[in-house]
>>> print(open('protein-v1.txt').read())   # compact mmCIF, C-alpha atoms
# COMPACT_ATOMS: atom_id res chain seq x y z
CA MET A 30 33.60 -69.09 15.59
CA LEU A 31 32.22 -66.03 13.85
CA PRO A 32 29.62 -66.65 11.14
CA MET A 33 31.25 -66.56 7.71
CA GLN A 34 30.16 -66.86 4.11
CA SER A 35 31.97 -67.35 0.84
CA SER A 36 30.94 -64.01 -0.68
CA LEU A 37 32.72 -60.92 0.54
CA HIS A 38 30.60 -58.11 -0.92
CA THR A 39 28.40 -55.97 1.32
CA PRO A 40 25.47 -54.42 -0.53
CA LEU A 41 22.93 -52.74 1.74
CA GLN A 42 19.38 -53.22 0.53
CA SER A 43 16.39 -51.02 1.32
CA GLU A 44 13.05 -52.73 1.71
CA GLY A 45 11.01 -49.65 0.87
CA ALA A 46 7.35 -49.93 1.66
CA ALA A 47 7.87 -53.34 3.24
CA ALA A 48 9.75 -51.59 6.05
CA THR A 49 6.46 -50.32 7.43
CA LYS A 50 5.66 -53.87 8.54
CA MET A 51 7.10 -55.04 11.82
CA HIS A 52 9.41 -58.02 11.34
CA TRP A 53 8.74 -59.82 14.61
CA PRO A 54 11.65 -62.30 14.49
CA SER A 55 14.00 -59.34 14.11
CA ALA A 56 12.26 -57.48 16.92
CA LEU A 57 12.64 -60.51 19.18
CA GLN A 58 16.29 -60.94 18.24
CA PHE A 59 16.99 -57.25 18.79
CA GLY A 60 15.27 -57.10 22.19
CA LEU A 61 16.71 -60.32 23.60
CA SER A 62 20.21 -59.63 22.28
CA LEU A 63 20.23 -56.12 23.69
CA LEU A 64 19.00 -57.32 27.09
CA ALA A 65 21.65 -60.04 27.09
CA VAL A 66 24.38 -57.51 26.25
CA LEU A 67 23.35 -55.18 29.07
CA TRP A 68 23.05 -58.05 31.54
CA LEU A 69 26.43 -59.55 30.60
CA TRP A 70 28.21 -56.21 30.80
CA GLY A 71 26.56 -55.55 34.16
CA VAL A 72 27.83 -58.89 35.46
CA ALA A 73 31.28 -58.20 34.00
CA LEU A 74 31.47 -54.82 35.74
CA SER A 75 30.22 -56.16 39.07
CA VAL A 76 32.48 -59.21 39.12
CA GLY A 77 35.43 -57.17 37.91
CA LEU A 78 34.98 -54.69 40.75
CA VAL A 79 34.84 -57.57 43.24
CA GLY A 80 38.08 -58.86 41.75
CA VAL A 81 39.75 -55.47 42.15
CA VAL A 82 38.64 -55.28 45.78
CA GLN A 83 39.88 -58.83 46.37
CA ALA A 84 43.21 -58.01 44.71
CA PHE A 85 43.89 -55.20 47.18
CA SER A 86 42.60 -57.15 50.17
CA HIS A 87 45.14 -58.24 52.76
CA ILE A 88 43.15 -61.32 53.76
CA ARG A 89 42.93 -63.13 50.42
CA GLN A 90 43.94 -66.79 50.52
CA GLY A 91 45.48 -68.60 47.56
CA ASP A 92 44.56 -67.72 44.01
CA THR A 93 41.17 -66.17 44.73
CA VAL A 94 41.56 -63.13 42.48
CA LEU A 95 42.06 -64.58 38.99
CA PRO A 96 38.66 -66.34 38.77
CA PHE A 97 36.88 -62.98 39.20
CA PHE A 98 38.79 -61.44 36.31
CA ILE A 99 38.27 -64.54 34.14
CA ILE A 100 34.50 -64.39 34.71
CA ALA A 101 34.41 -60.62 34.13
CA THR A 102 36.36 -60.95 30.88
CA THR A 103 34.22 -63.85 29.69
CA CYS A 104 30.99 -61.92 30.26
CA GLY A 105 32.43 -58.81 28.63
CA VAL A 106 33.55 -60.70 25.52
CA MET A 107 30.21 -62.48 25.24
CA GLY A 108 28.47 -59.11 25.35
CA ILE A 109 30.68 -57.80 22.55
CA LEU A 110 29.95 -60.87 20.41
CA LEU A 111 26.21 -60.22 20.75
CA LEU A 112 26.51 -56.72 19.29
CA PRO A 113 26.48 -57.76 15.60
CA GLY A 114 23.13 -59.47 16.15
CA VAL A 115 21.81 -56.30 17.75
CA GLY A 116 23.05 -54.25 14.81
CA TYR A 117 21.79 -56.49 12.02
CA SER A 118 18.34 -56.97 13.59
CA GLY A 119 18.13 -53.23 14.33
CA LEU A 120 18.87 -52.40 10.70
CA ARG A 121 16.20 -54.89 9.61
CA LEU A 122 13.66 -53.13 11.84
CA LEU A 123 14.64 -49.83 10.20
CA GLY A 124 13.93 -51.31 6.78
CA ARG A 125 17.51 -51.97 5.75
CA ARG A 126 18.86 -55.47 5.37
CA ILE A 127 22.48 -56.47 4.82
CA GLU A 128 22.51 -59.50 2.57
CA ARG A 129 26.22 -60.35 2.69
CA PRO A 130 28.86 -60.22 5.42
CA LEU A 131 31.59 -57.64 5.77
CA PRO A 132 34.90 -58.69 4.17
CA TRP A 133 37.71 -59.97 6.32
CA PRO A 134 40.58 -57.43 6.58
CA ARG A 135 43.67 -58.46 4.68
CA GLY A 136 45.96 -60.61 6.81
CA LEU A 137 43.26 -61.34 9.40
CA ARG A 138 41.58 -64.29 7.76
CA PRO A 139 41.16 -67.16 10.26
CA VAL A 140 43.29 -69.46 8.12
CA TRP A 141 46.27 -67.17 8.90
CA LEU A 142 45.30 -66.21 12.44
CA ILE A 143 46.04 -69.76 13.61
CA PHE A 144 49.75 -68.91 13.42
CA LEU A 145 49.24 -66.47 16.29
CA LEU A 146 48.26 -69.31 18.63
CA PRO A 147 51.79 -70.58 19.52
CA PRO A 148 53.04 -67.17 20.73
CA VAL A 149 49.77 -66.61 22.62
CA ILE A 150 50.19 -69.96 24.41
CA TRP A 151 53.88 -69.25 25.12
CA VAL A 152 53.24 -65.79 26.58
CA GLY A 153 50.18 -66.99 28.47
CA ASN A 154 52.14 -69.89 29.97
CA TRP A 155 54.70 -67.43 31.34
CA VAL A 156 52.12 -64.93 32.57
CA ALA A 157 50.11 -67.69 34.29
CA ARG A 158 53.07 -68.30 36.63
CA GLN A 159 53.20 -64.67 37.76
CA GLU A 160 50.52 -64.06 40.38
CA VAL A 161 49.84 -60.35 39.96
CA LEU A 162 50.49 -60.22 36.22
CA SER A 163 48.13 -63.13 35.65
CA TRP A 164 45.24 -61.20 37.19
CA PHE A 165 45.28 -58.59 34.43
CA PHE A 166 46.98 -60.23 31.43
CA LEU A 167 45.94 -63.89 31.56
CA PRO A 168 42.18 -63.23 30.96
CA PRO A 169 42.70 -61.55 27.53
CA LEU A 170 45.34 -64.13 26.60
CA HIS A 171 42.91 -66.85 27.65
CA VAL A 172 40.28 -65.34 25.34
CA LEU A 173 42.73 -65.35 22.42
CA ALA A 174 43.81 -68.94 23.15
CA VAL A 175 40.15 -70.02 22.96
CA VAL A 176 38.91 -67.81 20.12
CA ILE A 177 41.75 -68.26 17.61
CA PRO A 178 41.59 -72.06 17.17
CA LEU A 179 37.79 -72.14 17.40
CA LEU A 180 37.52 -69.47 14.71
CA TRP A 181 39.92 -71.48 12.55
CA VAL A 182 37.96 -74.71 12.99
CA VAL A 183 34.63 -73.07 12.12
CA PHE A 184 36.17 -71.29 9.14
CA LEU A 185 37.23 -74.66 7.73
CA ALA A 186 33.88 -76.25 8.61
CA VAL A 187 31.64 -73.71 6.84
CA ARG A 188 33.81 -72.37 4.03
CA GLY A 189 32.01 -72.51 0.73
CA LEU A 190 28.69 -73.44 2.32
CA PRO A 191 25.57 -71.21 2.26
CA GLN A 192 24.56 -69.59 5.54
CA GLY A 193 21.87 -67.09 4.56
CA SER A 194 22.01 -63.46 5.63
CA PRO A 195 24.53 -62.22 8.24
CA GLN A 196 21.61 -61.50 10.57
CA ARG A 197 20.56 -65.14 10.47
CA ALA A 198 24.14 -66.39 10.83
CA TRP A 199 24.79 -64.21 13.88
CA GLY A 200 21.43 -65.20 15.32
CA VAL A 201 22.43 -68.86 15.03
CA PHE A 202 25.76 -68.14 16.71
CA GLU A 203 24.13 -66.14 19.50
CA SER A 204 21.64 -68.90 20.21
CA GLY A 205 24.52 -71.31 20.73
CA LEU A 206 26.35 -68.74 22.84
CA VAL A 207 23.49 -67.80 25.18
CA ILE A 208 20.31 -69.85 24.81
CA ALA A 209 21.86 -73.33 24.58
CA PRO A 210 24.10 -72.96 27.69
CA ALA A 211 21.18 -71.59 29.73
CA LEU A 212 18.83 -74.43 28.80
CA ILE A 213 21.51 -77.08 29.21
CA MET A 214 22.51 -75.77 32.62
CA VAL A 215 18.91 -75.84 33.88
CA ILE A 216 18.34 -79.41 32.68
CA GLU A 217 21.66 -80.72 33.98
CA ILE A 218 21.08 -79.09 37.38
CA ALA A 219 17.66 -80.74 37.47
CA PHE A 220 19.30 -84.13 36.81
CA LEU A 221 21.80 -83.45 39.59
CA VAL A 222 19.08 -82.48 42.05
CA LEU A 223 17.09 -85.62 41.23
CA GLY A 224 20.20 -87.75 41.59
CA ILE A 225 21.15 -86.20 44.92
CA ALA A 226 17.58 -86.60 46.16
CA GLY A 227 17.54 -90.27 45.20
CA TRP A 228 20.95 -90.83 46.78
CA SER A 229 19.81 -89.10 49.98
CA VAL A 230 16.79 -91.36 50.23
CA TRP A 231 19.02 -94.41 49.78
CA VAL A 232 21.57 -93.19 52.36
CA SER A 233 18.77 -92.70 54.89
CA THR A 234 18.22 -96.47 54.77
CA GLN A 235 21.91 -97.17 55.55
CA PRO A 236 22.53 -96.25 59.24
CA GLN A 237 26.22 -97.14 59.19
CA LEU A 238 26.92 -95.10 56.07
CA LEU A 239 24.84 -92.22 57.41
CA GLU A 240 26.93 -92.15 60.60
CA GLU A 241 30.13 -92.27 58.56
CA LEU A 242 29.03 -89.35 56.38
CA THR A 243 28.03 -87.37 59.48
CA ARG A 244 31.58 -87.71 60.83
CA LEU A 245 32.96 -86.73 57.43
CA PHE A 246 30.91 -83.52 57.34
CA GLU A 247 32.04 -82.65 60.86
CA ASN A 248 35.69 -83.09 59.86
CA LEU A 249 35.17 -81.06 56.68
CA ASP A 250 33.75 -78.21 58.73
CA GLN A 251 36.94 -78.14 60.79
CA VAL A 252 39.33 -78.02 57.81
CA ARG A 253 37.24 -76.04 55.30
CA THR A 254 39.95 -73.35 55.04
CA SER A 255 42.47 -75.92 53.77
CA PRO A 256 41.66 -77.16 50.23
CA GLU A 257 44.38 -79.81 50.49
CA MET A 258 42.86 -81.32 53.63
CA VAL A 259 39.38 -81.20 52.10
CA VAL A 260 40.63 -83.21 49.09
CA ARG A 261 42.35 -85.71 51.37
CA LEU A 262 39.16 -86.25 53.35
CA ILE A 263 36.74 -86.69 50.46
CA GLY A 264 39.22 -88.33 48.05
CA PRO A 265 38.74 -91.91 49.35
CA TYR A 266 34.98 -91.57 48.93
CA LEU A 267 35.36 -90.30 45.36
CA MET A 268 37.50 -93.32 44.50
CA ARG A 269 34.79 -95.81 45.41
CA PRO A 270 33.59 -97.84 42.37
CA GLY A 271 29.98 -96.76 42.84
CA VAL A 272 30.94 -93.09 42.85
CA ILE A 273 33.17 -93.48 39.78
CA LEU A 274 30.34 -95.25 37.94
CA ALA A 275 27.82 -92.55 38.90
CA VAL A 276 30.15 -89.77 37.70
CA LEU A 277 30.80 -91.58 34.42
CA VAL A 278 27.07 -92.16 33.81
CA PHE A 279 26.32 -88.51 34.42
CA GLY A 280 29.30 -87.04 32.55
CA ALA A 281 29.60 -89.50 29.67
CA VAL A 282 25.93 -90.43 29.12
CA LEU A 283 23.39 -87.93 30.52
CA VAL A 284 25.40 -84.80 29.70
CA PRO A 285 26.00 -85.76 26.03
CA LEU A 286 22.35 -86.77 25.62
CA VAL A 287 21.23 -83.32 26.77
CA GLU A 288 23.91 -81.24 25.09
CA GLU A 289 23.77 -82.89 21.67
CA ALA A 290 20.04 -82.24 21.52
CA LEU A 291 20.33 -78.56 22.46
CA LYS A 292 23.73 -77.39 21.15
CA PRO A 293 22.39 -76.99 17.57
CA ILE A 294 19.51 -74.88 18.87
CA GLY A 295 20.28 -72.36 16.15
CA VAL A 296 19.13 -74.98 13.62
CA TRP A 297 16.01 -75.83 15.63
CA LEU A 298 15.00 -72.15 15.55
CA LEU A 299 15.17 -72.18 11.73
CA VAL A 300 12.63 -74.97 11.25
CA GLY A 301 10.28 -74.19 8.38
CA ARG A 302 12.77 -71.83 6.70
CA GLY A 303 13.52 -74.19 3.79
CA LEU A 304 17.14 -74.86 4.68
CA SER A 305 19.29 -77.20 2.63
CA PRO A 306 21.35 -79.93 4.37
CA ALA A 307 24.48 -77.87 3.65
CA GLU A 308 22.92 -74.87 5.41
CA GLY A 309 21.93 -77.12 8.31
CA PHE A 310 25.52 -78.37 8.60
CA ALA A 311 26.92 -74.82 8.57
CA ALA A 312 24.32 -73.53 11.04
CA GLY A 313 24.99 -76.48 13.36
CA ALA A 314 28.73 -75.81 13.26
CA VAL A 315 28.25 -72.12 14.10
CA SER A 316 25.75 -72.87 16.87
CA GLY A 317 28.07 -75.51 18.34
CA ALA A 318 30.96 -73.06 18.20
CA GLY A 319 28.95 -70.57 20.24
CA TYR A 320 28.41 -73.20 22.93
CA ALA A 321 32.05 -74.33 22.82
CA LEU A 322 33.19 -70.72 23.17
CA VAL A 323 31.28 -69.95 26.35
CA GLU A 324 32.19 -73.34 27.86
CA SER A 325 35.91 -72.89 27.16
CA LEU A 326 36.04 -69.26 28.24
CA ALA A 327 34.43 -70.15 31.56
CA ILE A 328 37.06 -72.80 32.33
CA SER A 329 40.52 -71.60 33.21
CA THR A 330 43.32 -72.06 35.68
CA SER A 331 46.71 -70.53 36.41
CA GLY A 332 50.24 -71.75 36.86
CA GLU A 333 51.69 -74.64 34.90
CA ALA A 334 48.22 -76.11 34.24
CA TRP A 335 47.01 -73.18 32.11
CA ALA A 336 48.79 -74.04 28.85
CA GLY A 337 47.73 -77.69 29.01
CA LEU A 338 44.12 -76.76 29.65
CA ALA A 339 44.13 -74.18 26.84
CA LEU A 340 45.43 -76.78 24.38
CA ALA A 341 42.92 -79.36 25.61
CA ARG A 342 40.05 -76.93 24.98
CA ILE A 343 41.02 -76.90 21.28
CA GLY A 344 40.07 -80.57 21.13
CA THR A 345 36.81 -79.85 22.95
CA GLY A 346 35.99 -77.19 20.36
CA VAL A 347 36.58 -79.59 17.47
CA VAL A 348 34.28 -82.18 19.07
CA HIS A 349 31.52 -79.64 19.77
CA VAL A 350 31.63 -78.16 16.27
CA LEU A 351 31.57 -81.55 14.53
CA THR A 352 28.76 -83.08 16.59
CA SER A 353 26.55 -79.99 16.30
CA ALA A 354 27.24 -79.70 12.56
CA LEU A 355 26.31 -83.36 12.01
CA THR A 356 23.12 -82.98 14.02
CA GLY A 357 22.21 -79.80 12.12
CA TRP A 358 22.74 -81.59 8.81
CA ALA A 359 20.63 -84.55 9.98
CA LEU A 360 17.86 -82.27 11.28
CA VAL A 361 17.45 -80.54 7.93
CA SER A 362 17.63 -83.88 6.08
CA ALA A 363 14.79 -85.13 8.30
CA TRP A 364 12.67 -82.02 7.72
CA ARG A 365 13.17 -82.02 3.94
CA GLU A 366 13.22 -85.72 3.16
CA ASN A 367 11.60 -87.38 6.23
CA ARG A 368 14.87 -89.15 7.01
CA TYR A 369 14.20 -89.44 10.72
CA LEU A 370 16.05 -92.74 11.06
CA ARG A 371 19.15 -90.93 9.84
CA LEU A 372 18.51 -88.19 12.38
CA GLY A 373 18.28 -90.74 15.19
CA ALA A 374 21.44 -92.49 14.04
CA ILE A 375 23.43 -89.26 13.70
CA TYR A 376 22.22 -88.07 17.10
CA LEU A 377 23.45 -91.31 18.69
CA VAL A 378 26.78 -90.96 16.86
CA ALA A 379 27.12 -87.40 18.20
CA VAL A 380 26.27 -88.59 21.72
CA PHE A 381 28.83 -91.40 21.42
CA ILE A 382 31.61 -89.05 20.28
CA HIS A 383 30.81 -86.54 23.02
CA GLY A 384 30.44 -89.27 25.64
CA LEU A 385 33.74 -90.85 24.65
CA TRP A 386 35.48 -87.50 24.95
CA ASN A 387 33.95 -86.82 28.38
CA GLY A 388 34.64 -90.34 29.62
CA LEU A 389 38.30 -90.24 28.64
CA THR A 390 38.67 -86.81 30.22
CA LEU A 391 37.12 -88.05 33.47
CA MET A 392 39.56 -90.97 33.45
CA LEU A 393 42.43 -88.48 33.51
CA VAL A 394 40.85 -86.84 36.56
CA PHE A 395 40.34 -90.14 38.37
CA ILE A 396 43.90 -91.25 37.68
CA GLU A 397 45.29 -88.07 39.27
CA LEU A 398 43.07 -88.14 42.35
CA PRO A 399 44.81 -91.06 44.13
CA ARG A 400 48.16 -89.34 43.72
CA THR A 401 46.71 -86.20 45.24
CA ILE A 402 45.49 -88.03 48.35
CA GLY A 403 48.57 -90.25 48.61
CA GLN A 404 46.97 -93.54 47.57
CA ALA A 405 47.76 -96.11 44.90
CA SER A 406 45.46 -96.27 41.87
CA PRO A 407 43.65 -99.50 41.01
CA ASP A 408 45.45 -101.31 38.18
CA THR A 409 42.47 -101.09 35.82
CA LEU A 410 42.13 -97.36 36.38
CA GLU A 411 45.88 -96.91 35.97
CA ASN A 412 45.85 -98.68 32.61
CA TRP A 413 42.90 -96.64 31.32
CA GLY A 414 44.56 -93.46 32.56
CA ARG A 415 47.72 -94.19 30.58
CA LEU A 416 45.73 -94.78 27.38
CA ALA A 417 43.40 -91.78 27.79
CA PRO A 418 45.74 -89.02 26.47
CA TYR A 419 46.52 -90.96 23.28
CA ALA A 420 42.86 -91.83 22.80
CA LEU A 421 41.84 -88.17 23.22
CA VAL A 422 44.37 -86.98 20.64
CA SER A 423 43.27 -89.69 18.21
CA LEU A 424 39.62 -88.74 18.70
CA VAL A 425 40.35 -85.07 17.94
CA VAL A 426 42.21 -86.02 14.75
CA VAL A 427 39.35 -88.26 13.59
CA CYS A 428 36.78 -85.54 14.35
CA PHE A 429 38.81 -82.89 12.51
CA VAL A 430 39.21 -85.10 9.44
CA ALA A 431 35.48 -85.91 9.52
CA LEU A 432 34.67 -82.19 9.69
CA LEU A 433 36.83 -81.44 6.64
CA GLY A 434 35.40 -84.46 4.82
CA MET A 435 31.79 -83.39 5.40
CA ASN A 436 32.59 -79.85 4.25
CA TRP A 437 34.22 -81.17 1.08
CA LYS A 438 31.31 -83.52 0.34
CA LEU A 439 28.65 -80.85 0.84
CA ARG A 440 30.56 -78.32 -1.28
CA ARG A 441 30.90 -80.89 -4.05
CA LEU A 442 27.16 -81.67 -3.96
CA GLN A 443 26.46 -77.94 -3.99
CA SER A 444 28.71 -77.39 -7.02
CA VAL A 445 26.70 -79.90 -9.06
CA GLY A 446 23.38 -78.45 -7.94
CA ASP A 447 22.49 -81.37 -5.68
CA VAL A 448 22.48 -79.66 -2.27
CA SER A 449 19.23 -81.40 -1.32
CA ARG A 450 21.03 -84.69 -1.20
CA ALA A 451 23.38 -85.81 1.56
CA ILE A 452 25.94 -88.55 1.99
>>> encode(input="protein-v1.txt", output="structure tokens")
Amino acid sequence: MLPMQSSLHTPLQSEGAAATKMHWPSALQFGLSLLAVLWLWGVALSVGLVGVVQAFSHIRQGDTVLPFFIIATTCGVMGILLLPGVGYSGLRLLGRRIERPLPWPRGLRPVWLIFLLPPVIWVGNWVARQEVLSWFFLPPLHVLAVVIPLLWVVFLAVRGLPQGSPQRAWGVFESGLVIAPALIMVIEIAFLVLGIAGWSVWVSTQPQLLEELTRLFENLDQVRTSPEMVVRLIGPYLMRPGVILAVLVFGAVLVPLVEEALKPIGVWLLVGRGLSPAEGFAAGAVSGAGYALVESLAISTSGEAWAGLALARIGTGVVHVLTSALTGWALVSAWRENRYLRLGAIYLVAVFIHGLWNGLTLMLVFIELPRTIGQASPDTLENWGRLAPYALVSLVVVCFVALLGMNWKLRRLQSVGDVSRAI
């Protein structure tokens, strides 16, 4: 997850007279990163205080406390991860530029940290079943369960590849962590609003359906304090073929189309910087890791479901890193060599991989919904649901092997001085 380079020396260079000139990209990075840190820590403090108040409230219902602490921890960690960008850009503004990253402490290299994941999952699985303990201990364990495997995957994806200065590498990571999720959320909400508006217009032409939905909303208002009853009421509507198709189109087509264009935003921001395809691949991987990190940190649960979700997010991280790395590589190839057909093909491959992952995941949700509402699943859905877990695992393995293969190929081209070429 964290930007890494092959060299481990840390010379600090002074820019002398050049320091008198304002470096506007650094000023922009410093200002935006600092504002984001302050905003995220403010949200973390506010939400955390609400969680504390909720924890000591005598009227809380169900597990309403943990989400507050998860959100507070997520915002706090994101703020911490933005600090290196603030520091590097601040030093650049002061006329001092660090050309190489700090060395990893002995024993803390990501390749070894992966062995900490099993005990983290085991402890977290136990803590998740304890209501009060989970409020305070599950959020940091959740962070470790997300960060450790993602850091390991990115370490393998970018090892031996050039990434430029640490300031640039952290800027790429921060763009994936903050800018990409914000833009993606706005666009996806816009799609949802347009879809709901279109659906509302269509419903208005169906009097019988409109009357049926009116009764449904009246019943929901009466049982809104019972999540189980709410699911039972809306479940039959969610199982309708038209609804399933609409959800699949949105989640497995529109979402990947938007996300695969914007996840490697760290590469887009480096246009005109003379990157090599290997640098584009590394920058795409780091930018995608930033997006995967915030997405995975924001999704959590408690009880028996926590460990399964934490393990599933590892697969999501592999998919995000690979697709963003491929798009970053293709972007730079297009800029340097006018290979825009390759860019289009790689983008569609990334969308397909992401869409397949989302579609299979949605199948698992749809297969569980009938059981929740006490209905039998359609045979076709049941068959797809049984195949989905095996297909998801196979997809993660293929993506991981592809990630290692691309890294190996780009390092080999780099070693023979042919980094401008690609596969």
>>> residues_around(input="protein-v1.txt", residues="Ala198 in chain A", least_positions_apart="4", cutoff="12 Å", atoms="all atoms listed in the file", output="ChimeraX atom specification")
/A:30-34,111,113-114,117-118,127-130,187,190-194,202-205,295-296,298-299,308-309,311-316,319
>>> closest_residue(input="protein-v1.txt", among="A:Leu432, A:Val149, A:Val380, A:Val156", to="Gly280 in chain A", atoms="only C-alpha atoms")
A:Val380
>>> atom_distance(input="protein-v1.txt", atom1="CA of Leu78 in chain A", atom2="CA of Ala327 in chain A")
18.0 Å
>>> closest_residue(input="protein-v1.txt", among="A:Met214, A:Ala431, A:Leu122, A:Ala420", to="Met51 in chain A", atoms="all atoms listed in the file")
A:Leu122
>>> atom_distance(input="protein-v1.txt", atom1="CA of Leu112 in chain A", atom2="CA of Leu63 in chain A")
7.7 Å
>>> residues_around(input="protein-v1.txt", residues="Gly71 in chain A", least_positions_apart="6", cutoff="12 Å", atoms="all atoms listed in the file", output="MDAnalysis selection string")
chainID A and resid 64:65 77:78 100:102 104:105 107:108
>>> residues_around(input="protein-v1.txt", residues="Ala339 in chain A", least_positions_apart="5", cutoff="8 Å", atoms="all atoms listed in the file", output="NGL selection string")
:A and (150 or 171 or 174-175 or 329)
>>> write_last_selection(input="protein-v1.txt", atoms="C-alpha atoms", output="mmCIF file, keeping the file's coordinate frame")
data_model
loop_
_atom_site.group_PDB
_atom_site.id
_atom_site.type_symbol
_atom_site.label_atom_id
_atom_site.label_comp_id
_atom_site.auth_asym_id
_atom_site.auth_seq_id
_atom_site.Cartn_x
_atom_site.Cartn_y
_atom_site.Cartn_z
ATOM 1 C CA ILE A 150 50.190 -69.960 24.410
ATOM 2 C CA HIS A 171 42.910 -66.850 27.650
ATOM 3 C CA ALA A 174 43.810 -68.940 23.150
ATOM 4 C CA VAL A 175 40.150 -70.020 22.960
ATOM 5 C CA SER A 329 40.520 -71.600 33.210
#
>>> closest_residue(input="protein-v1.txt", among="A:Val76, A:Ile294, A:Val276, A:Met258", to="Thr103 in chain A", atoms="all atoms listed in the file")
A:Val76
>>> residues_near_point(input="protein-v1.txt", point="(30.3, -93.4, 28.9)", cutoff="10 Å", atoms="all atoms listed in the file", output="list of chain:residue names")
A:Leu274, A:Val276, A:Leu277, A:Val278, A:Phe279, A:Gly280, A:Ala281, A:Val282, A:Leu283, A:Val284, A:Pro285, A:Val380, A:Phe381, A:Ile382, A:His383, A:Gly384, A:Leu385, A:Trp386, A:Asn387, A:Gly388, A:Leu389, A:Leu391
>>> atom_distance(input="protein-v1.txt", atom1="CA of His52 in chain A", atom2="CA of Gly124 in chain A")
9.3 Å
>>> closest_residue(input="protein-v1.txt", among="A:Trp141, A:Trp437, A:Phe85, A:Phe310", to="Trp181 in chain A", atoms="all atoms listed in the file")
A:Trp141
>>> closest_residue(input="protein-v1.txt", among="A:Ala341, A:Gly116, A:Ile396, A:Leu433", to="Gly200 in chain A", atoms="only C-alpha atoms")
A:Gly116
>>> closest_residue(input="protein-v1.txt", among="A:Arg188, A:Arg125, A:Arg158, A:Lys50", to="Gly332 in chain A", atoms="only C-alpha atoms")
A:Arg158
>>> residues_around(input="protein-v1.txt", residues="range 360-372 of chain A", least_positions_apart="2", cutoff="12 Å", atoms="only C-alpha atoms", output="PDB file with C-alpha atoms, keeping the file's coordinate frame")
ATOM      1  CA  GLU A 289      23.770 -82.890  21.670  1.00  0.00           C
ATOM      2  CA  ALA A 290      20.040 -82.240  21.520  1.00  0.00           C
ATOM      3  CA  PRO A 293      22.390 -76.990  17.570  1.00  0.00           C
ATOM      4  CA  ILE A 294      19.510 -74.880  18.870  1.00  0.00           C
ATOM      5  CA  GLY A 295      20.280 -72.360  16.150  1.00  0.00           C
ATOM      6  CA  VAL A 296      19.130 -74.980  13.620  1.00  0.00           C
ATOM      7  CA  TRP A 297      16.010 -75.830  15.630  1.00  0.00           C
ATOM      8  CA  LEU A 298      15.000 -72.150  15.550  1.00  0.00           C
ATOM      9  CA  LEU A 299      15.170 -72.180  11.730  1.00  0.00           C
ATOM     10  CA  VAL A 300      12.630 -74.970  11.250  1.00  0.00           C
ATOM     11  CA  GLY A 301      10.280 -74.190   8.380  1.00  0.00           C
ATOM     12  CA  ARG A 302      12.770 -71.830   6.700  1.00  0.00           C
ATOM     13  CA  GLY A 303      13.520 -74.190   3.790  1.00  0.00           C
ATOM     14  CA  LEU A 304      17.140 -74.860   4.680  1.00  0.00           C
ATOM     15  CA  SER A 305      19.290 -77.200   2.630  1.00  0.00           C
ATOM     16  CA  PRO A 306      21.350 -79.930   4.370  1.00  0.00           C
ATOM     17  CA  ALA A 307      24.480 -77.870   3.650  1.00  0.00           C
ATOM     18  CA  GLU A 308      22.920 -74.870   5.410  1.00  0.00           C
ATOM     19  CA  GLY A 309      21.930 -77.120   8.310  1.00  0.00           C
ATOM     20  CA  PHE A 310      25.520 -78.370   8.600  1.00  0.00           C
ATOM     21  CA  ALA A 311      26.920 -74.820   8.570  1.00  0.00           C
ATOM     22  CA  ALA A 312      24.320 -73.530  11.040  1.00  0.00           C
ATOM     23  CA  GLY A 313      24.990 -76.480  13.360  1.00  0.00           C
ATOM     24  CA  SER A 353      26.550 -79.990  16.300  1.00  0.00           C
ATOM     25  CA  ALA A 354      27.240 -79.700  12.560  1.00  0.00           C
ATOM     26  CA  LEU A 355      26.310 -83.360  12.010  1.00  0.00           C
ATOM     27  CA  THR A 356      23.120 -82.980  14.020  1.00  0.00           C
ATOM     28  CA  GLY A 357      22.210 -79.800  12.120  1.00  0.00           C
ATOM     29  CA  TRP A 358      22.740 -81.590   8.810  1.00  0.00           C
ATOM     30  CA  ALA A 374      21.440 -92.490  14.040  1.00  0.00           C
ATOM     31  CA  ILE A 375      23.430 -89.260  13.700  1.00  0.00           C
ATOM     32  CA  TYR A 376      22.220 -88.070  17.100  1.00  0.00           C
ATOM     33  CA  LEU A 377      23.450 -91.310  18.690  1.00  0.00           C
ATOM     34  CA  VAL A 378      26.780 -90.960  16.860  1.00  0.00           C
ATOM     35  CA  ALA A 379      27.120 -87.400  18.200  1.00  0.00           C
ATOM     36  CA  VAL A 448      22.480 -79.660  -2.270  1.00  0.00           C
ATOM     37  CA  SER A 449      19.230 -81.400  -1.320  1.00  0.00           C
ATOM     38  CA  ARG A 450      21.030 -84.690  -1.200  1.00  0.00           C
ATOM     39  CA  ALA A 451      23.380 -85.810   1.560  1.00  0.00           C
ATOM     40  CA  ILE A 452      25.940 -88.550   1.990  1.00  0.00           C
TER      41      ILE A 452
END
